[in-house]
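First up is the structure itself, then whatever we jot down about it.
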There are 2 protein chains.
Amino acid sequence: MKKVLNAPDRAVEEMLRGMELAHGGRNGNDGESGLIRRLSGQTVAVRADAPVSGKVAIVSGGGSGHEPAHAGYVGPGMLDAACAGEVFTSPSPEPVLEATKAVDGGAGVFYVVKNYTGDVLNFEMAGELAGTEDIETDYVVINDDVAVEDSTHTTGRRGVAGTVLVHKICGGAADDGKSLPEIKSLAARVNENVRSMGMALTSCVPPERGEPIFDIAEDEMELGIGIHGEPGTERRKIEPADSIVDMLLEKVLGDSVDYSGSGGQDVAVMVNGMGGTPLMELYVAYARVHDVLAENGINVHGAPYVGEYMTSLEMAGFSVTLLKLDDEMKRYLAAPCSVAAGGLF
Amino acid sequence: MKKVLNAPDRAVEEMLRGMELAHGGRNGNDGESGLIRRLSGQTVAVRADAPVSGKVAIVSGGGSGHEPAHAGYVGPGMLDAACAGEVFTSPSPEPVLEATKAVDGGAGVFYVVKNYTGDVLNFEMAGELAGTEDIETDYVVINDDVAVEDSTHTTGRRGVAGTVLVHKICGGAADDGKSLPEIKSLAARVNENVRSMGMALTSCVPPERGEPIFDIAEDEMELGIGIHGEPGTERRKIEPADSIVDMLLEKVLGDSVDYSGSGGQDVAVMVNGMGGTPLMELYVAYARVHDVLAENGINVHGAPYVGEYMTSLEMAGFSVTLLKLDDEMKRYLAAPCSVAAGGLF
């Protein structure tokens, strides 16, 4: 197996240790940005200064293998905690509950959950348990992937790269003093206006599995792929980058978000690498995204997000995300944040 | 060929167009950070506001395929221009000369050149041509790779990921008003104190070639690999991450930089992904780097650089770079910069 790991079953813990050593604040050297610390006995990264009194805490997480999601987004301006399950496996309720207790600053805790059955169940259960300890919680379930309605791990649409924009916007709103109901309402509005679709050229190899999730021929691609190797909508011959972008955008633009109305033409754009696709290719794809949006009278607001935001281990491929923006979303997308993967914003 | 491209021979130009659309300042929408513009008719990205009067301009470049190097580092605080050759091919003297003319603000132009025969010849020739147009230039040749003394494209050691630290430090010094001779002296000192070594699990596939540069078995790795698929020092069975880090650091620490002297114990650390290695694995590797340095009494100064800084297309693998720091280097590493790949700093 082509991996730089010590043991598959220690990969997540060792990764989080590396992140804490790199970005932590208690390791006895000065190679520290003081952003995060791990919760003892849990694969959870929390803000080094958590809890922040009086601020709604934003918590996310899910299976590992999507780095920099989610621990790379922990820090001022984004997440208060990230709960890491094993690779492509939901974290159980316990680490979510412990994260909740560690970051609650008295104003409640808001969960940003991608729509996978395990994640939704486990975050819901953690919220119920937190309630018994008098911590108020609420949550949003993100389902931005337009590719398929139901999938291997999902009833309804999957949550994919658009989730990172929800992290950023909710983090900004929490820093701005918004209440738990206000943040829930905003997050729901972001979810209603964000759409993504991805494609893959290769499978990824989960460490504990040790082999690719699926086989794909040298001249084939998979459209509408998930971020855990779940099947997409179509297997076909590889096409030029521009044609691939056209196919993804046709589905994204043809979905239920109306990009035509007054004020509806400003969008945030993300071209997200799945892990194994060179930045060169992501920029080639972005050029076409820009052209197609311009042809459709849609305006890219702010610099687009081109890079690896929500990966699928070493999978080659990419996704395109559009978020139709309102003024509040614009303000919080542009707000400062300080996280390990912060250069991405 | 598993690539998101339209045509191999247009890849570099289309990538630069995508970068300009994403990070440029003249594209008729507001999706612009105003950082870079392309020089007409050249595969060259320059600062949008070039030339900056009275400041030494820093220019780098080389073959493409190492993204975000080099155009991702163009902007205030780092490079004034990046000259992009075809994939793994030196840019000719002409684009370097045009870049030089575009960014010269009257204080001279400094070239940061990786030690490859073509790059050195072409930057030298551009400098001579610039001299005939009364533009003063000077340059440093970076050769931080401890793996091999000579290689496929090199007399002497290769320049690899450590070059990005030279970009950052020279960019900071130029912003601080340092003169051309002062920057040359500083760059030479950085080069004397920076060492790198890399490894690969897979080959990369240059677009025009369409097939891997080398074959490697499923259970093998190559130590001391270059960033163009050049052979390393040793082909052997894959070992655990910790053992791989130990092998790389043994060679780096055993080279001619003395890490023991007073003030010599502070280092900048980079764990650089080659393109196809998940961030999870880079953090697992960093944890071991941290431990080995601590055992050797070496202190990691500032947050380490863990990510993709100098890639080799989609190659799986990574390199470790150590730079022994003095106060001037620390100051310029920490100075602000605003570049497309700026989140990496």
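The way I read the labels, and the way they are meant: chains A, B, ... in the order of the structure tokens, residue 1 as the first residue of every chain, and ligand 1 as the first ligand shown, with later ones counted on from there.
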Can you provide chain B as a short mmCIF file (atom, residue, chain, number, x, y, z; two decimals) with C-alpha atoms, in the first residue's frame, superposed onto chain A by least squares across all C-alpha atoms matched in order?
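Contents of the output file selection-v1.cif:
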data_model
loop_
_atom_site.label_atom_id
_atom_site.label_comp_id
_atom_site.auth_asym_id
_atom_site.auth_seq_id
_atom_site.Cartn_x
_atom_site.Cartn_y
_atom_site.Cartn_z
CA MET B 1 -0.02 -0.03 0.01
CA LYS B 2 1.43 3.31 -1.07
CA LYS B 3 1.10 5.25 2.19
CA VAL B 4 3.37 7.20 4.51
CA LEU B 5 1.90 5.74 7.70
CA ASN B 6 3.09 3.69 10.62
CA ALA B 7 -0.02 1.58 11.06
CA PRO B 8 -3.47 2.03 9.54
CA ASP B 9 -5.19 1.82 12.91
CA ARG B 10 -3.04 4.61 14.35
CA ALA B 11 -3.24 6.93 11.35
CA VAL B 12 -5.92 9.27 12.68
CA GLU B 13 -4.41 9.58 16.12
CA GLU B 14 -0.90 10.16 14.76
CA MET B 15 -2.19 12.72 12.29
CA LEU B 16 -3.92 14.67 15.04
CA ARG B 17 -0.78 14.50 17.14
CA GLY B 18 1.19 15.92 14.21
CA MET B 19 -1.36 18.69 13.80
CA GLU B 20 -1.20 19.54 17.49
CA LEU B 21 2.61 19.57 17.41
CA ALA B 22 2.51 21.84 14.37
CA HIS B 23 -0.33 24.12 15.36
CA GLY B 24 -0.78 23.55 19.06
CA GLY B 25 0.22 25.45 22.10
CA ARG B 26 1.67 23.22 24.77
CA ASN B 27 4.52 21.30 23.24
CA GLY B 28 7.53 22.87 24.83
CA ASN B 29 9.04 24.42 21.74
CA ASP B 30 8.19 27.56 19.84
CA GLY B 31 7.03 25.79 16.72
CA GLU B 32 3.48 26.53 17.65
CA SER B 33 0.82 28.77 16.33
CA GLY B 34 -1.28 28.15 19.44
CA LEU B 35 -4.39 27.33 17.43
CA ILE B 36 -5.48 23.90 18.57
CA ARG B 37 -5.21 21.28 21.27
CA ARG B 38 -6.38 17.71 21.37
CA LEU B 39 -8.90 16.59 23.94
CA SER B 40 -7.36 13.98 26.17
CA GLY B 41 -8.35 10.48 25.13
CA GLN B 42 -10.37 11.66 22.13
CA THR B 43 -9.65 12.16 18.45
CA VAL B 44 -10.96 15.69 18.81
CA ALA B 45 -9.19 18.99 18.09
CA VAL B 46 -10.51 22.08 19.85
CA ARG B 47 -9.50 25.72 19.79
CA ALA B 48 -6.54 26.21 22.10
CA ASP B 49 -8.44 28.91 23.98
CA ALA B 50 -11.76 27.04 24.23
CA PRO B 51 -14.27 27.66 25.66
CA VAL B 52 -14.86 31.22 24.47
CA SER B 53 -17.26 32.72 26.95
CA GLY B 54 -20.52 34.06 25.57
CA LYS B 55 -19.88 32.91 21.97
CA VAL B 56 -21.84 30.19 20.21
CA ALA B 57 -19.38 27.35 19.58
CA ILE B 58 -19.29 25.80 16.11
CA VAL B 59 -18.50 22.07 16.00
CA SER B 60 -18.10 19.85 12.98
CA GLY B 61 -16.39 16.63 12.09
CA GLY B 62 -17.01 13.30 10.48
CA GLY B 63 -14.89 10.53 9.14
CA SER B 64 -11.21 11.22 8.57
CA GLY B 65 -9.60 11.15 5.14
CA HIS B 66 -10.94 14.55 4.07
CA GLU B 67 -8.05 16.66 5.34
CA PRO B 68 -7.70 19.54 5.87
CA ALA B 69 -11.34 18.97 6.87
CA HIS B 70 -12.06 19.11 9.64
CA ALA B 71 -9.26 19.81 12.15
CA GLY B 72 -7.53 22.17 9.73
CA TYR B 73 -10.50 24.52 10.13
CA VAL B 74 -10.34 24.76 13.93
CA GLY B 75 -9.41 28.19 15.27
CA PRO B 76 -10.69 31.72 15.72
CA GLY B 77 -13.20 32.61 13.02
CA MET B 78 -14.15 29.06 12.04
CA LEU B 79 -14.64 25.91 14.13
CA ASP B 80 -14.35 25.58 17.88
CA ALA B 81 -13.93 21.83 17.58
CA ALA B 82 -13.54 19.09 14.99
CA CYS B 83 -14.40 15.49 15.85
CA ALA B 84 -12.47 12.96 13.80
CA GLY B 85 -13.79 9.47 13.23
CA GLU B 86 -11.69 6.74 11.72
CA VAL B 87 -11.15 7.06 7.97
CA PHE B 88 -14.53 7.41 6.25
CA THR B 89 -16.30 6.44 9.51
CA SER B 90 -18.50 8.68 11.61
CA PRO B 91 -17.23 9.68 15.04
CA SER B 92 -19.36 8.13 17.77
CA PRO B 93 -21.53 10.31 20.04
CA GLU B 94 -18.97 10.27 22.86
CA PRO B 95 -16.24 12.41 21.24
CA VAL B 96 -18.90 14.78 19.94
CA LEU B 97 -20.29 15.12 23.45
CA GLU B 98 -16.83 15.66 24.92
CA ALA B 99 -16.11 18.28 22.26
CA THR B 100 -19.41 19.96 23.05
CA LYS B 101 -18.61 20.14 26.75
CA ALA B 102 -15.09 21.43 26.06
CA VAL B 103 -16.13 24.30 23.80
CA ASP B 104 -19.46 25.42 25.26
CA GLY B 105 -19.07 29.02 26.38
CA GLY B 106 -22.61 29.33 27.69
CA ALA B 107 -24.22 30.49 24.45
CA GLY B 108 -24.84 27.04 23.01
CA VAL B 109 -23.12 24.77 20.53
CA PHE B 110 -23.96 24.49 16.85
CA TYR B 111 -23.15 21.35 14.86
CA VAL B 112 -22.37 21.47 11.14
CA VAL B 113 -23.08 17.91 9.97
CA LYS B 114 -22.65 16.47 6.52
CA ASN B 115 -25.58 14.35 5.43
CA TYR B 116 -24.38 10.82 6.10
CA THR B 117 -26.56 8.49 8.13
CA GLY B 118 -23.94 7.81 10.78
CA ASP B 119 -22.91 11.44 11.18
CA VAL B 120 -26.50 12.64 11.52
CA LEU B 121 -27.39 9.95 14.09
CA ASN B 122 -24.28 10.45 16.16
CA PHE B 123 -24.38 14.25 16.23
CA GLU B 124 -28.11 14.11 17.09
CA MET B 125 -27.43 11.72 19.93
CA ALA B 126 -24.56 13.85 21.23
CA GLY B 127 -26.87 16.84 21.18
CA GLU B 128 -29.46 14.98 23.23
CA LEU B 129 -26.83 13.91 25.74
CA ALA B 130 -25.53 17.49 25.93
CA GLY B 131 -29.08 18.61 26.66
CA THR B 132 -29.16 16.41 29.75
CA GLU B 133 -26.11 18.35 30.91
CA ASP B 134 -27.86 21.66 30.27
CA ILE B 135 -25.90 22.56 27.16
CA GLU B 136 -28.09 23.91 24.44
CA THR B 137 -27.27 22.58 20.96
CA ASP B 138 -28.70 22.76 17.48
CA TYR B 139 -27.49 21.60 14.09
CA VAL B 140 -27.69 21.85 10.35
CA VAL B 141 -27.37 18.93 7.95
CA ILE B 142 -25.53 19.90 4.78
CA ASN B 143 -26.55 18.19 1.55
CA ASP B 144 -24.96 20.16 -1.25
CA ASP B 145 -24.12 17.33 -3.64
CA VAL B 146 -26.49 17.43 -6.60
CA ALA B 147 -25.19 14.20 -8.12
CA VAL B 148 -27.45 11.57 -6.53
CA GLU B 149 -30.55 11.65 -4.34
CA ASP B 150 -29.64 8.67 -2.15
CA SER B 151 -26.32 6.88 -1.87
CA THR B 152 -24.36 4.21 -0.08
CA HIS B 153 -24.18 6.10 3.20
CA THR B 154 -27.03 8.56 2.78
CA THR B 155 -30.74 9.05 2.65
CA GLY B 156 -31.07 12.16 0.53
CA ARG B 157 -28.24 14.12 -0.94
CA ARG B 158 -24.68 13.92 0.39
CA GLY B 159 -22.79 16.69 2.10
CA VAL B 160 -19.52 17.49 0.37
CA ALA B 161 -17.16 20.43 -0.19
CA GLY B 162 -19.82 23.11 0.25
CA THR B 163 -19.72 22.24 3.94
CA VAL B 164 -16.45 24.15 4.29
CA LEU B 165 -18.21 27.36 3.24
CA VAL B 166 -20.79 26.68 5.97
CA HIS B 167 -17.96 26.34 8.49
CA LYS B 168 -16.54 29.69 7.42
CA ILE B 169 -19.83 31.56 7.44
CA CYS B 170 -21.05 30.09 10.74
CA GLY B 171 -17.66 30.78 12.32
CA GLY B 172 -17.84 34.40 11.23
CA ALA B 173 -21.39 34.76 12.52
CA ALA B 174 -20.49 33.25 15.90
CA ASP B 175 -17.54 35.65 16.21
CA ASP B 176 -19.94 38.47 15.39
CA GLY B 177 -22.06 37.56 18.41
CA LYS B 178 -24.96 35.91 16.61
CA SER B 179 -27.23 33.67 18.68
CA LEU B 180 -27.77 29.95 18.25
CA PRO B 181 -31.14 30.42 16.45
CA GLU B 182 -29.64 33.12 14.23
CA ILE B 183 -26.75 30.85 13.27
CA LYS B 184 -29.09 27.95 12.59
CA SER B 185 -31.19 30.13 10.34
CA LEU B 186 -28.11 31.39 8.49
CA ALA B 187 -26.67 27.90 8.10
CA ALA B 188 -29.96 26.63 6.72
CA ARG B 189 -29.98 29.48 4.22
CA VAL B 190 -26.42 28.67 3.13
CA ASN B 191 -27.40 25.03 2.69
CA GLU B 192 -30.38 26.04 0.54
CA ASN B 193 -28.11 28.04 -1.72
CA VAL B 194 -25.01 25.85 -2.04
CA ARG B 195 -24.61 23.15 -4.68
CA SER B 196 -21.67 20.91 -5.57
CA MET B 197 -20.78 18.12 -7.93
CA GLY B 198 -17.60 16.13 -8.23
CA MET B 199 -15.78 13.70 -10.48
CA ALA B 200 -12.94 11.24 -10.08
CA LEU B 201 -10.23 9.80 -12.27
CA THR B 202 -9.02 7.28 -9.71
CA SER B 203 -10.22 5.59 -6.55
CA CYS B 204 -8.69 6.21 -3.17
CA VAL B 205 -7.21 3.56 -0.88
CA PRO B 206 -8.48 3.70 2.72
CA PRO B 207 -5.59 2.66 4.99
CA GLU B 208 -7.38 -0.12 6.84
CA ARG B 209 -8.80 -1.54 3.65
CA GLY B 210 -5.46 -1.44 1.85
CA GLU B 211 -6.88 -1.51 -1.62
CA PRO B 212 -8.90 0.76 -3.92
CA ILE B 213 -12.63 1.07 -3.23
CA PHE B 214 -13.41 0.67 -6.90
CA ASP B 215 -11.65 -0.17 -10.13
CA ILE B 216 -11.63 2.26 -13.00
CA ALA B 217 -9.95 1.92 -16.37
CA GLU B 218 -7.04 4.11 -17.47
CA ASP B 219 -9.28 5.95 -19.95
CA GLU B 220 -12.35 6.30 -17.74
CA MET B 221 -13.73 8.82 -15.27
CA GLU B 222 -16.62 8.71 -12.82
CA LEU B 223 -19.00 11.65 -12.70
CA GLY B 224 -20.96 12.52 -9.58
CA ILE B 225 -18.61 10.61 -7.31
CA GLY B 226 -18.87 10.95 -3.52
CA ILE B 227 -16.02 11.77 -1.16
CA HIS B 228 -15.81 8.20 0.16
CA GLY B 229 -15.55 6.46 -3.18
CA GLU B 230 -19.32 6.08 -3.39
CA PRO B 231 -20.52 5.53 -6.95
CA GLY B 232 -21.47 8.52 -9.03
CA THR B 233 -24.02 8.94 -11.74
CA GLU B 234 -22.05 7.87 -14.73
CA ARG B 235 -18.87 6.09 -15.78
CA ARG B 236 -17.56 7.29 -19.12
CA LYS B 237 -14.45 7.96 -21.17
CA ILE B 238 -12.25 10.82 -19.97
CA GLU B 239 -13.08 14.06 -21.72
CA PRO B 240 -11.14 17.33 -21.94
CA ALA B 241 -11.18 19.51 -18.83
CA ASP B 242 -13.58 22.01 -20.38
CA SER B 243 -16.12 19.28 -21.18
CA ILE B 244 -15.86 17.88 -17.67
CA VAL B 245 -16.48 21.31 -16.16
CA ASP B 246 -19.42 21.81 -18.50
CA MET B 247 -20.97 18.51 -17.37
CA LEU B 248 -20.55 19.35 -13.68
CA LEU B 249 -21.85 22.89 -14.06
CA GLU B 250 -24.81 21.82 -16.19
CA LYS B 251 -26.01 19.75 -13.27
CA VAL B 252 -25.17 22.37 -10.62
CA LEU B 253 -26.70 25.27 -12.55
CA GLY B 254 -29.71 23.19 -13.53
CA ASP B 255 -30.61 22.41 -9.94
CA SER B 256 -33.12 24.32 -7.81
CA VAL B 257 -31.10 27.44 -6.96
CA ASP B 258 -32.23 30.39 -9.04
CA TYR B 259 -29.20 32.37 -10.20
CA SER B 260 -31.17 34.84 -12.29
CA GLY B 261 -33.05 37.04 -9.79
CA SER B 262 -31.95 40.47 -8.69
CA GLY B 263 -29.07 40.14 -6.28
CA GLY B 264 -28.93 36.45 -7.06
CA GLN B 265 -26.06 36.64 -9.49
CA ASP B 266 -23.19 36.86 -7.01
CA VAL B 267 -21.70 33.48 -6.13
CA ALA B 268 -18.78 32.09 -4.19
CA VAL B 269 -16.95 29.47 -6.23
CA MET B 270 -14.89 26.55 -5.00
CA VAL B 271 -12.84 24.24 -7.22
CA ASN B 272 -11.91 21.54 -4.73
CA GLY B 273 -9.19 18.99 -5.35
CA MET B 274 -9.98 15.47 -4.15
CA GLY B 275 -6.39 14.91 -2.97
CA GLY B 276 -4.42 13.52 -5.89
CA THR B 277 -5.05 16.14 -8.57
CA PRO B 278 -2.28 18.69 -9.19
CA LEU B 279 -3.05 22.35 -8.65
CA MET B 280 -2.22 22.89 -12.33
CA GLU B 281 -5.33 20.93 -13.29
CA LEU B 282 -7.53 22.73 -10.76
CA TYR B 283 -6.59 26.08 -12.29
CA VAL B 284 -7.20 24.77 -15.81
CA ALA B 285 -10.66 23.72 -14.60
CA TYR B 286 -11.24 27.05 -12.87
CA ALA B 287 -10.61 28.97 -16.09
CA ARG B 288 -13.51 27.11 -17.69
CA VAL B 289 -15.73 27.58 -14.62
CA HIS B 290 -15.11 31.31 -14.91
CA ASP B 291 -16.03 31.35 -18.58
CA VAL B 292 -19.24 29.34 -18.16
CA LEU B 293 -20.41 31.49 -15.27
CA ALA B 294 -19.66 34.65 -17.25
CA GLU B 295 -21.70 33.29 -20.16
CA ASN B 296 -24.57 32.75 -17.74
CA GLY B 297 -24.36 36.25 -16.27
CA ILE B 298 -23.17 34.92 -12.92
CA ASN B 299 -20.56 36.94 -11.09
CA VAL B 300 -17.76 35.37 -9.06
CA HIS B 301 -17.67 37.31 -5.81
CA GLY B 302 -14.28 37.55 -4.15
CA ALA B 303 -11.37 35.34 -5.08
CA PRO B 304 -12.50 31.78 -5.84
CA TYR B 305 -11.41 28.95 -3.59
CA VAL B 306 -9.09 26.80 -5.70
CA GLY B 307 -7.30 24.08 -3.76
CA GLU B 308 -7.81 21.08 -1.53
CA TYR B 309 -10.59 21.84 0.96
CA MET B 310 -12.49 18.56 1.33
CA THR B 311 -10.44 15.68 0.04
CA SER B 312 -10.92 11.97 -0.35
CA LEU B 313 -7.46 10.71 0.60
CA GLU B 314 -5.38 10.50 -2.60
CA MET B 315 -8.28 10.33 -5.04
CA ALA B 316 -7.64 12.15 -8.32
CA GLY B 317 -10.54 14.35 -9.27
CA PHE B 318 -12.25 17.55 -8.27
CA SER B 319 -15.57 19.11 -7.48
CA VAL B 320 -17.15 22.45 -8.27
CA THR B 321 -19.24 24.26 -5.65
CA LEU B 322 -21.38 27.34 -6.17
CA LEU B 323 -22.92 29.29 -3.31
CA LYS B 324 -25.43 32.00 -4.15
CA LEU B 325 -24.56 34.80 -1.78
CA ASP B 326 -26.45 37.37 0.19
CA ASP B 327 -24.83 40.26 2.05
CA GLU B 328 -24.58 38.43 5.36
CA MET B 329 -22.81 35.47 3.74
CA LYS B 330 -20.42 37.81 1.93
CA ARG B 331 -19.53 39.53 5.18
CA TYR B 332 -18.76 36.30 7.03
CA LEU B 333 -16.90 34.69 4.14
CA ALA B 334 -14.59 37.71 4.11
CA ALA B 335 -14.19 37.88 7.90
CA PRO B 336 -10.74 37.06 9.32
CA CYS B 337 -9.98 33.58 10.56
CA SER B 338 -6.92 31.93 11.98
CA VAL B 339 -6.81 28.20 11.34
CA ALA B 340 -4.18 25.67 10.27
CA ALA B 341 -5.61 25.54 6.75
CA GLY B 342 -6.27 29.27 6.88
CA GLY B 343 -4.34 30.07 3.78
CA LEU B 344 -7.18 28.51 1.94
CA PHE B 345 -9.33 31.51 2.95
#
- request: as a VMD selection string, please: all residues of segment 31-238 of chain A that backbone DSSP puts in strand (DSSP E or B).
  value: chain A and resid 36 to 38 44 to 47 57 to 64 74 79 81 to 87 109 to 114 137 to 142 145 151 154 194 to 200 220 to 223 234 to 237
As a PDB file with C-alpha atoms, in the first residue's frame, please: every residue in segment 46-121 of chain B that DSSP puts in helix (DSSP H, G or I).
ATOM      1  CA  ALA B  71       3.272  31.668  -9.776  1.00  0.00           C
ATOM      2  CA  GLY B  72       1.466  30.936  -6.518  1.00  0.00           C
ATOM      3  CA  TYR B  73       4.207  32.875  -4.725  1.00  0.00           C
ATOM      4  CA  PRO B  93      15.925  33.530 -21.580  1.00  0.00           C
ATOM      5  CA  GLU B  94      13.262  35.577 -23.370  1.00  0.00           C
ATOM      6  CA  PRO B  95      10.437  35.288 -20.804  1.00  0.00           C
ATOM      7  CA  VAL B  96      12.953  35.830 -18.011  1.00  0.00           C
ATOM      8  CA  LEU B  97      14.168  38.984 -19.740  1.00  0.00           C
ATOM      9  CA  GLU B  98      10.609  40.204 -20.302  1.00  0.00           C
ATOM     10  CA  ALA B  99       9.792  39.522 -16.649  1.00  0.00           C
ATOM     11  CA  THR B 100      12.911  41.404 -15.621  1.00  0.00           C
ATOM     12  CA  LYS B 101      11.944  44.438 -17.666  1.00  0.00           C
ATOM     13  CA  ALA B 102       8.371  44.343 -16.362  1.00  0.00           C
ATOM     14  CA  VAL B 103       9.264  44.267 -12.679  1.00  0.00           C
ATOM     15  CA  THR B 117      21.585  23.236 -15.874  1.00  0.00           C
ATOM     16  CA  GLY B 118      18.919  24.774 -18.084  1.00  0.00           C
ATOM     17  CA  ASP B 119      17.583  27.130 -15.423  1.00  0.00           C
ATOM     18  CA  VAL B 120      21.049  28.383 -14.505  1.00  0.00           C
ATOM     19  CA  LEU B 121      22.046  28.976 -18.144  1.00  0.00           C
TER      20      LEU B 121
END
